Every structure is written in structure tokens, then in C-alpha cells.
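Student: My structure is stored as start_14.pdb, with PDB, C-alpha atoms.
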```pdb
ATOM      1  CA  MET A   1     -20.298  43.781  28.052
ATOM      2  CA  ILE A   2     -19.025  40.247  28.622
ATOM      3  CA  TYR A   3     -17.595  39.291  31.997
ATOM      4  CA  LEU A   4     -15.738  36.220  33.215
ATOM      5  CA  GLU A   5     -16.470  34.666  36.603
ATOM      6  CA  MET A   6     -13.552  32.633  37.939
ATOM      7  CA  SER A   7     -14.497  30.508  40.946
ATOM      8  CA  LYS A   8     -13.474  27.190  42.468
ATOM      9  CA  ASP A   9     -15.889  27.293  45.422
ATOM     10  CA  PRO A  10     -18.322  24.364  44.918
ATOM     11  CA  ILE A  11     -20.878  25.827  47.357
ATOM     12  CA  HIS A  12     -20.642  29.371  46.020
ATOM     13  CA  GLY A  13     -22.747  30.850  48.830
ATOM     14  CA  GLY A  14     -25.576  28.332  48.733
ATOM     15  CA  GLY A  15     -29.292  28.861  48.203
ATOM     16  CA  THR A  16     -30.172  31.612  45.730
ATOM     17  CA  TRP A  17     -26.517  32.687  45.901
ATOM     18  CA  ALA A  18     -25.291  29.366  44.492
ATOM     19  CA  PHE A  19     -23.478  28.940  41.197
ATOM     20  CA  SER A  20     -25.298  30.254  38.102
ATOM     21  CA  ASN A  21     -27.885  32.114  40.224
ATOM     22  CA  CYS A  22     -25.687  35.170  40.665
ATOM     23  CA  VAL A  23     -22.167  36.541  40.888
ATOM     24  CA  TRP A  24     -21.348  37.961  44.316
ATOM     25  CA  ALA A  25     -18.480  39.105  46.498
ATOM     26  CA  PRO A  26     -17.808  41.154  49.641
ATOM     27  CA  THR A  27     -17.656  44.905  49.119
ATOM     28  CA  LYS A  28     -14.305  45.068  50.975
ATOM     29  CA  THR A  29     -11.433  42.822  51.904
ATOM     30  CA  ARG A  30     -10.891  41.732  55.498
ATOM     31  CA  ASP A  31      -8.612  44.733  56.101
ATOM     32  CA  GLY A  32     -11.229  47.166  54.738
ATOM     33  CA  LYS A  33      -9.825  47.733  51.241
ATOM     34  CA  ARG A  34     -11.659  47.660  47.918
ATOM     35  CA  TRP A  35     -10.769  44.874  45.480
ATOM     36  CA  PRO A  36     -11.228  45.822  41.793
ATOM     37  CA  PHE A  37     -12.302  42.337  40.692
ATOM     38  CA  TRP A  38     -15.123  42.485  43.243
ATOM     39  CA  ASN A  39     -16.090  46.053  42.385
ATOM     40  CA  LYS A  40     -16.779  44.891  38.817
ATOM     41  CA  ILE A  41     -19.994  43.254  40.028
ATOM     42  CA  ALA A  42     -21.510  46.695  40.594
ATOM     43  CA  GLU A  43     -20.793  47.522  36.926
ATOM     44  CA  VAL A  44     -22.796  44.556  35.558
ATOM     45  CA  ARG A  45     -25.851  45.670  33.620
ATOM     46  CA  ASP A  46     -29.046  43.904  32.620
ATOM     47  CA  GLY A  47     -28.417  41.712  29.561
ATOM     48  CA  ASP A  48     -24.637  41.468  29.974
ATOM     49  CA  LEU A  49     -23.115  38.017  29.457
ATOM     50  CA  VAL A  50     -21.060  36.179  32.070
ATOM     51  CA  PHE A  51     -18.740  33.297  31.170
ATOM     52  CA  HIS A  52     -18.085  30.791  33.949
ATOM     53  CA  LEU A  53     -14.551  29.476  34.546
ATOM     54  CA  ARG A  54     -14.543  26.797  37.254
ATOM     55  CA  THR A  55     -12.362  23.958  38.487
ATOM     56  CA  ILE A  56     -13.272  20.478  37.287
ATOM     57  CA  ALA A  57     -11.066  17.682  38.649
ATOM     58  CA  SER A  58      -8.531  20.340  39.696
ATOM     59  CA  ARG A  59      -8.468  21.836  36.180
ATOM     60  CA  TRP A  60      -9.724  25.313  35.303
ATOM     61  CA  SER A  61     -12.385  24.925  32.627
ATOM     62  CA  PHE A  62     -14.945  27.090  30.845
ATOM     63  CA  VAL A  63     -18.250  25.397  31.638
ATOM     64  CA  GLY A  64     -20.884  27.750  30.156
ATOM     65  CA  TYR A  65     -22.349  31.228  30.265
ATOM     66  CA  SER A  66     -25.291  33.129  31.770
ATOM     67  CA  THR A  67     -27.160  36.386  31.214
ATOM     68  CA  ALA A  68     -27.349  39.166  33.794
ATOM     69  CA  LEU A  69     -30.873  39.561  35.143
ATOM     70  CA  GLY A  70     -30.761  43.199  36.206
ATOM     71  CA  ASN A  71     -27.930  45.486  37.288
ATOM     72  CA  GLY A  72     -25.310  44.751  39.913
ATOM     73  CA  ILE A  73     -26.169  46.057  43.382
ATOM     74  CA  GLU A  74     -24.718  46.491  46.873
ATOM     75  CA  THR A  75     -26.808  44.735  49.527
ATOM     76  CA  ASN A  76     -26.938  44.033  53.267
ATOM     77  CA  THR A  77     -28.458  40.620  52.536
ATOM     78  CA  ARG A  78     -25.989  37.806  53.187
ATOM     79  CA  PRO A  79     -25.411  34.503  51.394
ATOM     80  CA  PRO A  80     -26.500  31.565  53.560
ATOM     81  CA  GLN A  81     -23.006  30.043  53.365
ATOM     82  CA  PRO A  82     -20.533  32.923  52.962
ATOM     83  CA  GLY A  83     -17.538  30.761  53.873
ATOM     84  CA  GLU A  84     -14.343  32.768  54.311
ATOM     85  CA  TRP A  85     -16.276  35.964  53.508
ATOM     86  CA  ASP A  86     -18.381  35.670  56.673
ATOM     87  CA  TYR A  87     -16.671  38.776  58.080
ATOM     88  CA  SER A  88     -18.321  41.105  55.540
ATOM     89  CA  GLU A  89     -21.401  43.181  56.416
ATOM     90  CA  LYS A  90     -22.202  44.122  52.805
ATOM     91  CA  PHE A  91     -21.957  42.286  49.500
ATOM     92  CA  TYR A  92     -22.047  42.982  45.788
ATOM     93  CA  ARG A  93     -24.520  40.863  43.856
ATOM     94  CA  ALA A  94     -25.683  40.600  40.243
ATOM     95  CA  ASP A  95     -28.445  38.090  39.497
ATOM     96  CA  LEU A  96     -28.071  35.726  36.547
ATOM     97  CA  SER A  97     -30.451  33.697  34.395
ATOM     98  CA  ASP A  98     -30.449  31.264  31.452
ATOM     99  CA  PHE A  99     -27.299  29.339  32.359
ATOM    100  CA  THR A 100     -26.172  27.588  29.174
ATOM    101  CA  PRO A 101     -23.579  24.835  29.671
ATOM    102  CA  PHE A 102     -21.100  24.194  26.900
ATOM    103  CA  TYR A 103     -21.514  20.860  25.166
ATOM    104  CA  GLU A 104     -18.001  20.086  26.338
ATOM    105  CA  SER A 105     -16.004  21.981  28.963
ATOM    106  CA  ILE A 106     -13.016  23.886  27.563
ATOM    107  CA  HIS A 107      -9.851  23.331  29.567
ATOM    108  CA  LEU A 108      -7.978  26.561  30.170
ATOM    109  CA  ASN A 109      -4.508  25.010  30.040
ATOM    110  CA  GLU A 110      -5.225  23.752  26.543
ATOM    111  CA  LEU A 111      -6.271  27.263  25.508
ATOM    112  CA  PHE A 112      -3.139  28.705  27.121
ATOM    113  CA  SER A 113      -1.154  26.263  24.983
ATOM    114  CA  SER A 114      -2.993  26.517  21.656
ATOM    115  CA  ARG A 115      -3.682  30.278  21.864
ATOM    116  CA  ARG A 116      -0.505  31.345  23.672
ATOM    117  CA  LEU A 117       0.747  33.795  21.039
ATOM    118  CA  GLU A 118      -2.631  35.546  20.709
ATOM    119  CA  LEU A 119      -3.113  35.744  24.476
ATOM    120  CA  GLU A 120       0.390  37.111  25.061
ATOM    121  CA  GLN A 121      -0.146  39.717  22.339
ATOM    122  CA  TYR A 122      -3.392  40.768  24.000
ATOM    123  CA  LEU A 123      -1.563  41.278  27.316
ATOM    124  CA  VAL A 124       1.038  43.482  25.621
ATOM    125  CA  HIS A 125      -1.658  45.563  23.948
ATOM    126  CA  ASN A 126      -3.721  45.828  27.122
ATOM    127  CA  ASN A 127      -0.759  46.843  29.285
ATOM    128  CA  ALA A 128       0.092  49.618  26.816
ATOM    129  CA  ARG A 129      -3.290  51.261  27.415
ATOM    130  CA  HIS A 130      -2.307  52.535  30.872
ATOM    131  CA  ALA A 131      -5.404  54.459  32.077
ATOM    132  CA  ASP A 132      -7.807  52.450  29.879
ATOM    133  CA  LYS A 133      -6.266  49.116  30.825
ATOM    134  CA  LYS A 134      -8.788  46.278  31.232
ATOM    135  CA  ARG A 135      -8.692  44.005  34.254
ATOM    136  CA  VAL A 136      -8.238  40.480  32.924
ATOM    137  CA  PHE A 137      -8.128  37.098  34.580
ATOM    138  CA  TYR A 138      -4.640  35.906  33.557
ATOM    139  CA  ILE A 139      -1.020  37.068  33.583
ATOM    140  CA  LYS A 140       2.315  35.976  32.169
ATOM    141  CA  GLN A 141       4.690  34.993  34.930
ATOM    142  CA  GLY A 142       7.883  32.968  34.800
ATOM    143  CA  GLY A 143       7.523  32.669  31.036
ATOM    144  CA  ARG A 144       4.101  31.025  31.208
ATOM    145  CA  LEU A 145       0.457  32.057  31.218
ATOM    146  CA  GLN A 146      -1.509  31.480  34.403
ATOM    147  CA  CYS A 147      -4.641  32.625  36.202
ATOM    148  CA  LEU A 148      -4.370  35.782  38.264
ATOM    149  CA  ASN A 149      -5.129  34.931  41.869
ATOM    150  CA  GLY A 150      -8.220  36.781  43.094
ATOM    151  CA  ALA A 151      -9.489  37.780  39.632
ATOM    152  CA  TYR A 152     -13.053  36.762  40.488
ATOM    153  CA  LEU A 153     -14.911  38.879  37.919
ATOM    154  CA  SER A 154     -13.044  40.350  34.962
ATOM    155  CA  GLU A 155     -13.815  41.924  31.610
ATOM    156  CA  VAL A 156     -13.819  40.066  28.287
ATOM    157  CA  GLU A 157     -13.860  42.583  25.457
ATOM    158  CA  ASP A 158     -14.152  41.429  21.835
ATOM    159  CA  GLU A 159     -10.378  41.479  21.356
ATOM    160  CA  LEU A 160      -9.839  39.122  24.299
ATOM    161  CA  LEU A 161     -12.718  36.905  23.175
ATOM    162  CA  THR A 162     -10.986  36.483  19.815
ATOM    163  CA  ALA A 163      -7.610  35.892  21.481
ATOM    164  CA  LEU A 164      -9.158  33.098  23.543
ATOM    165  CA  PHE A 165     -11.378  31.364  21.021
ATOM    166  CA  GLY A 166     -10.495  32.712  17.582
ATOM    167  CA  SER A 167     -12.823  34.621  15.295
ATOM    168  CA  GLU A 168     -15.034  31.582  14.724
ATOM    169  CA  GLY A 169     -13.941  29.339  17.609
ATOM    170  CA  GLU A 170     -10.709  27.358  17.409
ATOM    171  CA  LEU A 171     -11.297  23.632  17.035
ATOM    172  CA  VAL A 172      -7.833  22.058  17.066
ATOM    173  CA  ASP A 173      -4.440  22.734  18.609
ATOM    174  CA  HIS A 174      -2.355  22.327  15.443
ATOM    175  CA  THR A 175       0.796  21.706  17.481
ATOM    176  CA  SER A 176      -0.521  18.631  19.278
ATOM    177  CA  GLY A 177      -3.466  17.779  17.054
ATOM    178  CA  THR A 178      -5.826  17.606  20.040
ATOM    179  CA  ILE A 179      -9.358  19.019  19.922
ATOM    180  CA  VAL A 180      -9.587  22.141  22.076
ATOM    181  CA  ILE A 181     -13.167  23.183  21.301
ATOM    182  CA  SER A 182     -15.685  20.737  19.876
ATOM    183  CA  VAL A 183     -17.761  21.709  16.856
ATOM    184  CA  PRO A 184     -21.013  21.971  18.902
ATOM    185  CA  THR A 185     -19.296  24.156  21.500
ATOM    186  CA  SER A 186     -17.792  26.302  18.752
ATOM    187  CA  SER A 187     -21.298  26.900  17.398
ATOM    188  CA  GLN A 188     -22.322  28.105  20.863
ATOM    189  CA  PHE A 189     -19.660  30.805  20.665
ATOM    190  CA  SER A 190     -21.230  31.964  17.412
ATOM    191  CA  THR A 191     -24.475  32.389  19.361
ATOM    192  CA  VAL A 192     -22.653  34.353  22.054
ATOM    193  CA  ARG A 193     -21.141  36.680  19.454
ATOM    194  CA  SER A 194     -24.549  37.172  17.862
ATOM    195  CA  ARG A 195     -26.100  38.086  21.218
ATOM    196  CA  ARG A 196     -23.188  40.408  21.945
ATOM    197  CA  GLY A 197     -23.794  42.129  18.599
ATOM    198  CA  GLN A 198     -27.497  42.515  19.319
ATOM    199  CA  LYS A 199     -26.765  44.126  22.714
ATOM    200  CA  THR A 200     -24.419  46.655  21.071
ATOM    201  CA  PHE A 201     -27.030  47.329  18.380
ATOM    202  CA  SER A 202     -29.709  47.896  21.018
ATOM    203  CA  ASP A 203     -27.593  50.401  22.941
ATOM    204  CA  GLU A 204     -26.664  52.348  19.792
ATOM    205  CA  ILE A 205     -30.253  52.552  18.506
ATOM    206  CA  LYS A 206     -31.642  53.859  21.789
ATOM    207  CA  LYS A 207     -28.875  56.444  21.958
ATOM    208  CA  ALA A 208     -29.457  57.506  18.320
ATOM    209  CA  TYR A 209     -33.138  58.147  19.063
ATOM    210  CA  ALA A 210     -32.299  60.032  22.275
ATOM    211  CA  TYR A 211     -33.960  57.338  24.398
ATOM    212  CA  GLN A 212     -37.423  58.186  23.110
ATOM    213  CA  CYS A 213     -40.033  56.116  21.268
ATOM    214  CA  CYS A 214     -40.054  57.426  17.695
ATOM    215  CA  PHE A 215     -43.769  56.719  17.064
ATOM    216  CA  PRO A 216     -45.516  60.084  16.577
ATOM    217  CA  GLY A 217     -46.957  61.439  19.789
ATOM    218  CA  CYS A 218     -45.630  58.610  21.977
ATOM    219  CA  PRO A 219     -44.301  60.011  25.284
ATOM    220  CA  VAL A 220     -42.383  56.906  26.429
ATOM    221  CA  SER A 221     -38.780  57.745  27.293
ATOM    222  CA  ASP A 222     -38.170  55.341  30.183
ATOM    223  CA  VAL A 223     -35.345  53.104  28.931
ATOM    224  CA  ARG A 224     -36.893  50.114  30.720
ATOM    225  CA  PHE A 225     -39.809  50.233  28.280
ATOM    226  CA  LEU A 226     -37.859  50.972  25.096
ATOM    227  CA  VAL A 227     -36.886  48.409  22.467
ATOM    228  CA  ALA A 228     -34.405  48.623  19.618
ATOM    229  CA  ALA A 229     -36.585  47.182  16.857
ATOM    230  CA  HIS A 230     -35.028  45.601  13.779
ATOM    231  CA  ILE A 231     -36.732  46.705  10.562
ATOM    232  CA  ALA A 232     -35.344  43.751   8.632
ATOM    233  CA  ARG A 233     -35.131  40.961  11.194
ATOM    234  CA  TRP A 234     -31.734  39.813  12.438
ATOM    235  CA  CYS A 235     -32.274  36.359  10.947
ATOM    236  CA  ASP A 236     -33.605  37.592   7.586
ATOM    237  CA  ASN A 237     -30.872  39.915   6.323
ATOM    238  CA  GLU A 238     -27.285  39.287   7.378
ATOM    239  CA  ALA A 239     -25.990  42.302   5.419
ATOM    240  CA  LEU A 240     -28.078  44.709   7.516
ATOM    241  CA  ARG A 241     -27.171  43.234  10.908
ATOM    242  CA  GLY A 242     -25.944  45.817  13.353
ATOM    243  CA  HIS A 243     -26.583  48.810  11.052
ATOM    244  CA  ILE A 244     -28.151  51.850  12.703
ATOM    245  CA  ALA A 245     -30.259  52.333   9.560
ATOM    246  CA  ASN A 246     -31.876  48.949  10.249
ATOM    247  CA  GLY A 247     -33.179  50.008  13.636
ATOM    248  CA  LEU A 248     -36.009  51.994  15.177
ATOM    249  CA  CYS A 249     -36.522  52.890  18.819
ATOM    250  CA  PHE A 250     -40.045  51.973  19.902
ATOM    251  CA  CYS A 251     -41.777  51.493  23.220
ATOM    252  CA  ILE A 252     -42.815  47.915  23.971
ATOM    253  CA  LEU A 253     -46.332  48.426  22.583
ATOM    254  CA  HIS A 254     -45.342  50.025  19.271
ATOM    255  CA  ASP A 255     -42.490  47.551  18.841
ATOM    256  CA  LYS A 256     -44.906  44.621  19.063
ATOM    257  CA  ALA A 257     -47.375  46.262  16.670
ATOM    258  CA  PHE A 258     -44.564  46.898  14.163
ATOM    259  CA  GLU A 259     -43.239  43.355  14.518
ATOM    260  CA  LEU A 260     -46.689  41.876  13.869
ATOM    261  CA  GLY A 261     -47.211  44.123  10.847
ATOM    262  CA  ALA A 262     -50.080  46.186  12.232
ATOM    263  CA  PHE A 263     -48.236  49.138  10.728
ATOM    264  CA  THR A 264     -45.084  49.921   8.791
ATOM    265  CA  LEU A 265     -43.390  53.057   7.470
ATOM    266  CA  ASP A 266     -43.668  54.321   3.927
ATOM    267  CA  ALA A 267     -40.678  55.617   1.945
ATOM    268  CA  GLN A 268     -41.124  59.063   3.547
ATOM    269  CA  PHE A 269     -41.030  57.451   7.023
ATOM    270  CA  ARG A 270     -44.701  58.066   7.721
ATOM    271  CA  ILE A 271     -46.948  55.653   9.605
ATOM    272  CA  LEU A 272     -48.747  53.323   7.227
ATOM    273  CA  ILE A 273     -51.484  51.180   8.797
ATOM    274  CA  ASN A 274     -51.741  47.705   7.322
ATOM    275  CA  PRO A 275     -54.885  47.677   5.125
ATOM    276  CA  LYS A 276     -55.752  44.269   6.584
ATOM    277  CA  GLU A 277     -55.988  45.853  10.020
ATOM    278  CA  ARG A 278     -57.977  48.995   9.212
ATOM    279  CA  GLU A 279     -61.344  47.369   9.867
ATOM    280  CA  THR A 280     -60.205  45.573  13.011
ATOM    281  CA  ASN A 281     -62.376  46.596  15.937
ATOM    282  CA  SER A 282     -59.780  46.931  18.672
ATOM    283  CA  TRP A 283     -58.673  49.807  20.868
ATOM    284  CA  LEU A 284     -55.053  49.449  19.764
ATOM    285  CA  LEU A 285     -55.774  49.584  16.037
ATOM    286  CA  ARG A 286     -58.013  52.609  16.518
ATOM    287  CA  GLU A 287     -55.190  54.317  18.392
ATOM    288  CA  LEU A 288     -52.651  53.447  15.686
ATOM    289  CA  ALA A 289     -54.986  54.534  12.882
ATOM    290  CA  ALA A 290     -55.181  58.038  14.351
ATOM    291  CA  PHE A 291     -51.518  58.494  13.360
ATOM    292  CA  HIS A 292     -51.802  57.128   9.807
ATOM    293  CA  GLY A 293     -49.738  59.366   7.490
ATOM    294  CA  LYS A 294     -47.821  61.107  10.273
ATOM    295  CA  GLY A 295     -44.033  61.019  10.301
ATOM    296  CA  ILE A 296     -41.916  59.390  12.994
ATOM    297  CA  SER A 297     -39.190  61.201  14.921
ATOM    298  CA  LEU A 298     -36.025  60.535  12.947
ATOM    299  CA  ALA A 299     -32.474  59.908  14.125
ATOM    300  CA  ASP A 300     -29.486  61.477  12.364
ATOM    301  CA  ILE A 301     -29.280  58.317  10.242
ATOM    302  CA  PRO A 302     -32.705  57.662   8.631
ATOM    303  CA  PRO A 303     -34.161  54.161   8.258
ATOM    304  CA  SER A 304     -32.880  52.089   5.353
ATOM    305  CA  ILE A 305     -35.294  51.796   2.417
ATOM    306  CA  ASP A 306     -33.884  48.326   1.704
ATOM    307  CA  ALA A 307     -34.710  47.335   5.274
ATOM    308  CA  LEU A 308     -38.221  48.771   4.941
ATOM    309  CA  MET A 309     -38.738  46.785   1.735
ATOM    310  CA  GLU A 310     -37.864  43.637   3.711
ATOM    311  CA  HIS A 311     -40.491  44.615   6.285
ATOM    312  CA  TRP A 312     -43.133  45.363   3.615
ATOM    313  CA  ASN A 313     -42.554  41.975   2.030
ATOM    314  CA  ARG A 314     -42.640  40.135   5.349
ATOM    315  CA  VAL A 315     -45.924  41.659   6.581
ATOM    316  CA  GLY A 316     -47.601  41.765   3.166
ATOM    317  CA  ILE A 317     -47.885  45.527   2.657
ATOM    318  CA  LYS A 318     -47.301  47.235  -0.701
ATOM    319  CA  PRO A 319     -46.910  51.015  -0.167
TER     320      PRO A 319
END
```
Could you spell out this file's structure in C-alpha cells?

Tutor:
Amino acid sequence: MIYLEMSKDPIHGGGTWAFSNCVWAPTKTRDGKRWPFWNKIAEVRDGDLVFHLRTIASRWSFVGYSTALGNGIETNTRPPQPGEWDYSEKFYRADLSDFTPFYESIHLNELFSSRRLELEQYLVHNNARHADKKRVFYIKQGGRLQCLNGAYLSEVEDELLTALFGSEGELVDHTSGTIVISVPTSSQFSTVRSRRGQKTFSDEIKKAYAYQCCFPGCPVSDVRFLVAAHIARWCDNEALRGHIANGLCFCILHDKAFELGAFTLDAQFRILINPKERETNSWLLRELAAFHGKGISLADIPPSIDALMEHWNRVGIKP
């Protein structure tokens, strides 16, 4: 999931609660009610992306993005400078890491102008969903697009991401001729989309393998220690990106051994120890060798032979 943090507080709680360290909010309003744009923090999951929309010289601007470092929680711990939220006894918090600033900030008003038709169409589509309606950060009021007051943390699904920035990142407002998103910043959005695709791939692979390492005899089923391994690496084969058949669910240990080429799978999806490793005197290789020739646990969609051929070539194994 991608979220959007909209904040104009320069202090942002201070200390470890300051901007880019986390997203946070009170659990209730001053009159004891829940606020849906605050509740969203509890829905944040490890690895989700968070765009940051902040005021720069009184202008709302996209300044960068971060990655969620763990799931959103409810806590009694307080920010050192809660400001107007000092009344609250409990807070929502989701930690963030890897803040990546955009090469150039993207002014929201310029997006509202250059992408007006797409953004208005998204609102119409979203409003028609009724029960499945997403909570977004902007509205159309008085014939113009504007930020929704209080929309601190909102959802940015793929359709909204495209409405905002185009399929590849819009560079120029063709009406005025002004640059809306610089070429370097546009390339950053390509990275964001790639990471978004990898997160979706990871979730689908783990689900397909019933949240269990597929290496024969491996008991690991704790999702915290499972990895969606690419057979043909993400960077090596664009055609296989995101395909279930290009993935295997391994525990951390077997994922690393597969990545390094200590073993592969043959065309019948049996463990094949790399001949170069068979004489290696290590505990791990002895453990792997005990399963040579044994089949993995398969998902409904079996691994792609084309993907396996990529892996054989990369690690130097000829089944």
C-alpha cells in the first residue's frame, strides 16, 4: 500500500517523532471521536510506502517518500512536542525509514492544474464505489480542486498515483508549458512503482505457498522469516517481473542459498545441489545436500522453466 502524509507542522512532534521518523496522530479528537485519517496509521504495514506532502513557502509540495519500518501501533508514549494534540493520552504511530527526497519538490497546485481532468475523473470513480470508497487527500469544491482539511494520512492506490503523476511521470503542463516534474524526479517515480510492484509480488508469492517455506522438510512458516524469492532476478528479465511463476517462497536461509547458487531446481522441481558446492566442508552445504533430488512443495502455479533457465545460467549450473 502507498499512503500520503499531509502535514504543515514544522516541528512534527520533535525528537524521534519528528518529520520522516514516523507518522503519528492522536487516537481520538478532543471531543472523543475517531478520525478516519488518523485511524489509517494503524493500518500501515511493514514495507508500505509513504509520500510526504508538506508546505514549503506556504505552498503544498510533494517533498519525498519513506518506507514503513514495522506496522502501525497504538501507544501510550507521547511525542515530546505534541502541540495542539497535548490533550491526548494515546497516539497512533508508524515508524519510517529511508526518507528519499525528490530531486525537486512537486508543487501541488501545478499538479491540480496540469492533471485536473484525471484527478476529477478519479474522484467521480472513487465516489461511485460507496462502501469501498478510498479516503483521499483532496476534494472538488467551488469548481476547483483543493486539499481536504484534516486528511493527515490517506490512501494512494495505483489509479490515484497515475492520476497524479501519469503512467511514467508527467514532465510538462502542456497548457502553460511549465515543467511540473523534472526528469530526475520522474525517474524516482519509476523506482517507486518498481518497489510497489515488488511488494505486491511478495505478498502474492507468500500467499500462493500458504506462508510456508517450500524447501523440502523446512518447517518455517513464520511470515517474518519468509522471503518471496525471484527465480529470474527482477533486474535480469523484465518479461517475468511480477509473475507468480517467477517466484518461490523460501525462509531467509534457503533464499540466500538459492540466490548465491548453492542449489537450484531441476526441470522436475527437485533440489539440485551446485556441483561446485558438493565438496564444500560446511554445515549448511551438508544440510542442503541431504535433500538433493527431493521435490519442493509446489504452489498451484508451478515455477517457470524459462525462469529456471535464467537461474541455471546465472549460477553456472547445467542440469

Student: Applied to the shown file, which residues does the PyMOL selection byres ((chain A and resi 66) around 8) return, written as a short mmCIF file (atom, residue, chain, number, x, y, z; two decimals) with C-alpha atoms, in the frame of the given file?

Tutor:
```
data_model
loop_
_atom_site.label_atom_id
_atom_site.label_comp_id
_atom_site.auth_asym_id
_atom_site.auth_seq_id
_atom_site.Cartn_x
_atom_site.Cartn_y
_atom_site.Cartn_z
CA SER A 20 -25.30 30.25 38.10
CA LEU A 49 -23.12 38.02 29.46
CA VAL A 50 -21.06 36.18 32.07
CA PHE A 51 -18.74 33.30 31.17
CA HIS A 52 -18.08 30.79 33.95
CA GLY A 64 -20.88 27.75 30.16
CA TYR A 65 -22.35 31.23 30.26
CA THR A 67 -27.16 36.39 31.21
CA ALA A 68 -27.35 39.17 33.79
CA LEU A 96 -28.07 35.73 36.55
CA SER A 97 -30.45 33.70 34.40
CA ASP A 98 -30.45 31.26 31.45
CA PHE A 99 -27.30 29.34 32.36
CA THR A 100 -26.17 27.59 29.17
#
```

Student: Might you pull out every residue within 10 Å of stretch 254-257 of chain A, with all atoms listed in the file counted and same-chain residues fewer than 4 positions away left off, and present them as a list in words?

Tutor: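 Those residues are Cys213, Cys214, Phe215, Cys218, Leu226, Val227, Ala228, Ala229, His230, Leu248, Cys249, Phe250, Gly261, Ala262, Phe263, Thr264, Leu284, Leu285 and Leu288 of chain A.
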
Student: Next, dump the selected residues to file, keeping only C-alpha atoms, as a short mmCIF file (atom, residue, chain, number, x, y, z; two decimals), keeping the file's coordinate frame.

Tutor:
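File part_14.cif, as written:
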```
data_model
loop_
_atom_site.label_atom_id
_atom_site.label_comp_id
_atom_site.auth_asym_id
_atom_site.auth_seq_id
_atom_site.Cartn_x
_atom_site.Cartn_y
_atom_site.Cartn_z
CA CYS A 213 -40.03 56.12 21.27
CA CYS A 214 -40.05 57.43 17.70
CA PHE A 215 -43.77 56.72 17.06
CA CYS A 218 -45.63 58.61 21.98
CA LEU A 226 -37.86 50.97 25.10
CA VAL A 227 -36.89 48.41 22.47
CA ALA A 228 -34.40 48.62 19.62
CA ALA A 229 -36.58 47.18 16.86
CA HIS A 230 -35.03 45.60 13.78
CA LEU A 248 -36.01 51.99 15.18
CA CYS A 249 -36.52 52.89 18.82
CA PHE A 250 -40.04 51.97 19.90
CA GLY A 261 -47.21 44.12 10.85
CA ALA A 262 -50.08 46.19 12.23
CA PHE A 263 -48.24 49.14 10.73
CA THR A 264 -45.08 49.92 8.79
CA LEU A 284 -55.05 49.45 19.76
CA LEU A 285 -55.77 49.58 16.04
CA LEU A 288 -52.65 53.45 15.69
#
```

Student: Excluding same-chain residues fewer than 3 positions from A:Tyr138, what lies within 10 Å of it counting only C-alpha atoms, as a PyMOL selection string?

Tutor: chain A and resi 112+119-120+123+135+141+145-149+151+154

Student: Any chance you could work out the residue set of the PyMOL selection byres ((chain A and resi 157) around 9) here, as a list in words?

Tutor: Met1, Ile2, Tyr3, Lys134, Glu155, Val156, Asp158, Glu159, Leu160, Leu161 and Thr162 of chain A

Student: Would you mind telling me which residue in A:Ser297, A:Thr55, A:Ser61, A:Asn127 lies nearest to A:Leu111 when using all atoms listed in the file?

Tutor: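 Looking only at the distances to A:Leu111, the closest residue turns out to be A:Ser61.
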
Student: Could you name the residues that touch A:Asp266 at 9 Å or less, counting only C-alpha atoms, but leaving out those on the same chain fewer than 5 positions away, as JSON, numbers by chain?

Tutor: {"A": [271, 272, 293, 305, 308, 312, 319]}

Student: Could you state the separation of atom CA of A:Arg78 and atom CA of A:Phe91 in Å, given to one decimal place?

Tutor: 7.1 Å

Student: Can you measure atom CA of A:Val223 to atom CA of A:Thr200 for me? One decimal in Å is fine.

Tutor: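 Separation of atom CA of A:Val223 and atom CA of A:Thr200: 14.9 Å.
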
Student: Record the distance separating atom CA of A:Asn246 and atom CA of A:Gly70, expressed in Å with one decimal.

Tutor: 26.6 Å

Student: Reconstruct N, CA and C atoms of stretch 29-41 of chain A from the incomplete input and present them as a PDB file, in the coordinates of the input.

Tutor:
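Dumped everything to part_19.pdb:
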```
ATOM      1  N   THR A  29     -12.255  43.908  51.397  1.00  0.00           N
ATOM      2  CA  THR A  29     -11.433  42.822  51.904  1.00  0.00           C
ATOM      3  C   THR A  29     -11.474  42.835  53.432  1.00  0.00           C
ATOM      4  N   ARG A  30     -10.873  41.840  54.044  1.00  0.00           N
ATOM      5  CA  ARG A  30     -10.891  41.732  55.498  1.00  0.00           C
ATOM      6  C   ARG A  30     -10.249  42.946  56.176  1.00  0.00           C
ATOM      7  N   ASP A  31      -9.269  43.562  55.516  1.00  0.00           N
ATOM      8  CA  ASP A  31      -8.612  44.733  56.101  1.00  0.00           C
ATOM      9  C   ASP A  31      -9.256  46.049  55.648  1.00  0.00           C
ATOM     10  N   GLY A  32     -10.465  45.968  55.054  1.00  0.00           N
ATOM     11  CA  GLY A  32     -11.229  47.166  54.738  1.00  0.00           C
ATOM     12  C   GLY A  32     -10.922  47.819  53.410  1.00  0.00           C
ATOM     13  N   LYS A  33     -10.187  47.157  52.536  1.00  0.00           N
ATOM     14  CA  LYS A  33      -9.825  47.733  51.241  1.00  0.00           C
ATOM     15  C   LYS A  33     -10.780  47.256  50.147  1.00  0.00           C
ATOM     16  N   ARG A  34     -10.877  48.047  49.093  1.00  0.00           N
ATOM     17  CA  ARG A  34     -11.659  47.660  47.918  1.00  0.00           C
ATOM     18  C   ARG A  34     -10.824  46.751  47.022  1.00  0.00           C
ATOM     19  N   TRP A  35     -11.466  45.780  46.401  1.00  0.00           N
ATOM     20  CA  TRP A  35     -10.769  44.874  45.480  1.00  0.00           C
ATOM     21  C   TRP A  35     -11.412  45.028  44.104  1.00  0.00           C
ATOM     22  N   PRO A  36     -10.638  45.472  43.091  1.00  0.00           N
ATOM     23  CA  PRO A  36     -11.228  45.822  41.793  1.00  0.00           C
ATOM     24  C   PRO A  36     -11.997  44.697  41.112  1.00  0.00           C
ATOM     25  N   PHE A  37     -11.597  43.454  41.330  1.00  0.00           N
ATOM     26  CA  PHE A  37     -12.302  42.337  40.692  1.00  0.00           C
ATOM     27  C   PHE A  37     -13.620  42.018  41.399  1.00  0.00           C
ATOM     28  N   TRP A  38     -13.822  42.581  42.581  1.00  0.00           N
ATOM     29  CA  TRP A  38     -15.123  42.485  43.243  1.00  0.00           C
ATOM     30  C   TRP A  38     -15.988  43.683  42.853  1.00  0.00           C
ATOM     31  N   ASN A  39     -15.349  44.843  42.754  1.00  0.00           N
ATOM     32  CA  ASN A  39     -16.090  46.053  42.385  1.00  0.00           C
ATOM     33  C   ASN A  39     -16.776  45.914  41.027  1.00  0.00           C
ATOM     34  N   LYS A  40     -16.221  45.079  40.156  1.00  0.00           N
ATOM     35  CA  LYS A  40     -16.779  44.891  38.817  1.00  0.00           C
ATOM     36  C   LYS A  40     -18.233  44.449  38.858  1.00  0.00           C
ATOM     37  N   ILE A  41     -18.623  43.751  39.940  1.00  0.00           N
ATOM     38  CA  ILE A  41     -19.994  43.254  40.028  1.00  0.00           C
ATOM     39  C   ILE A  41     -20.987  44.408  39.983  1.00  0.00           C
TER      40      ILE A  41
END
```
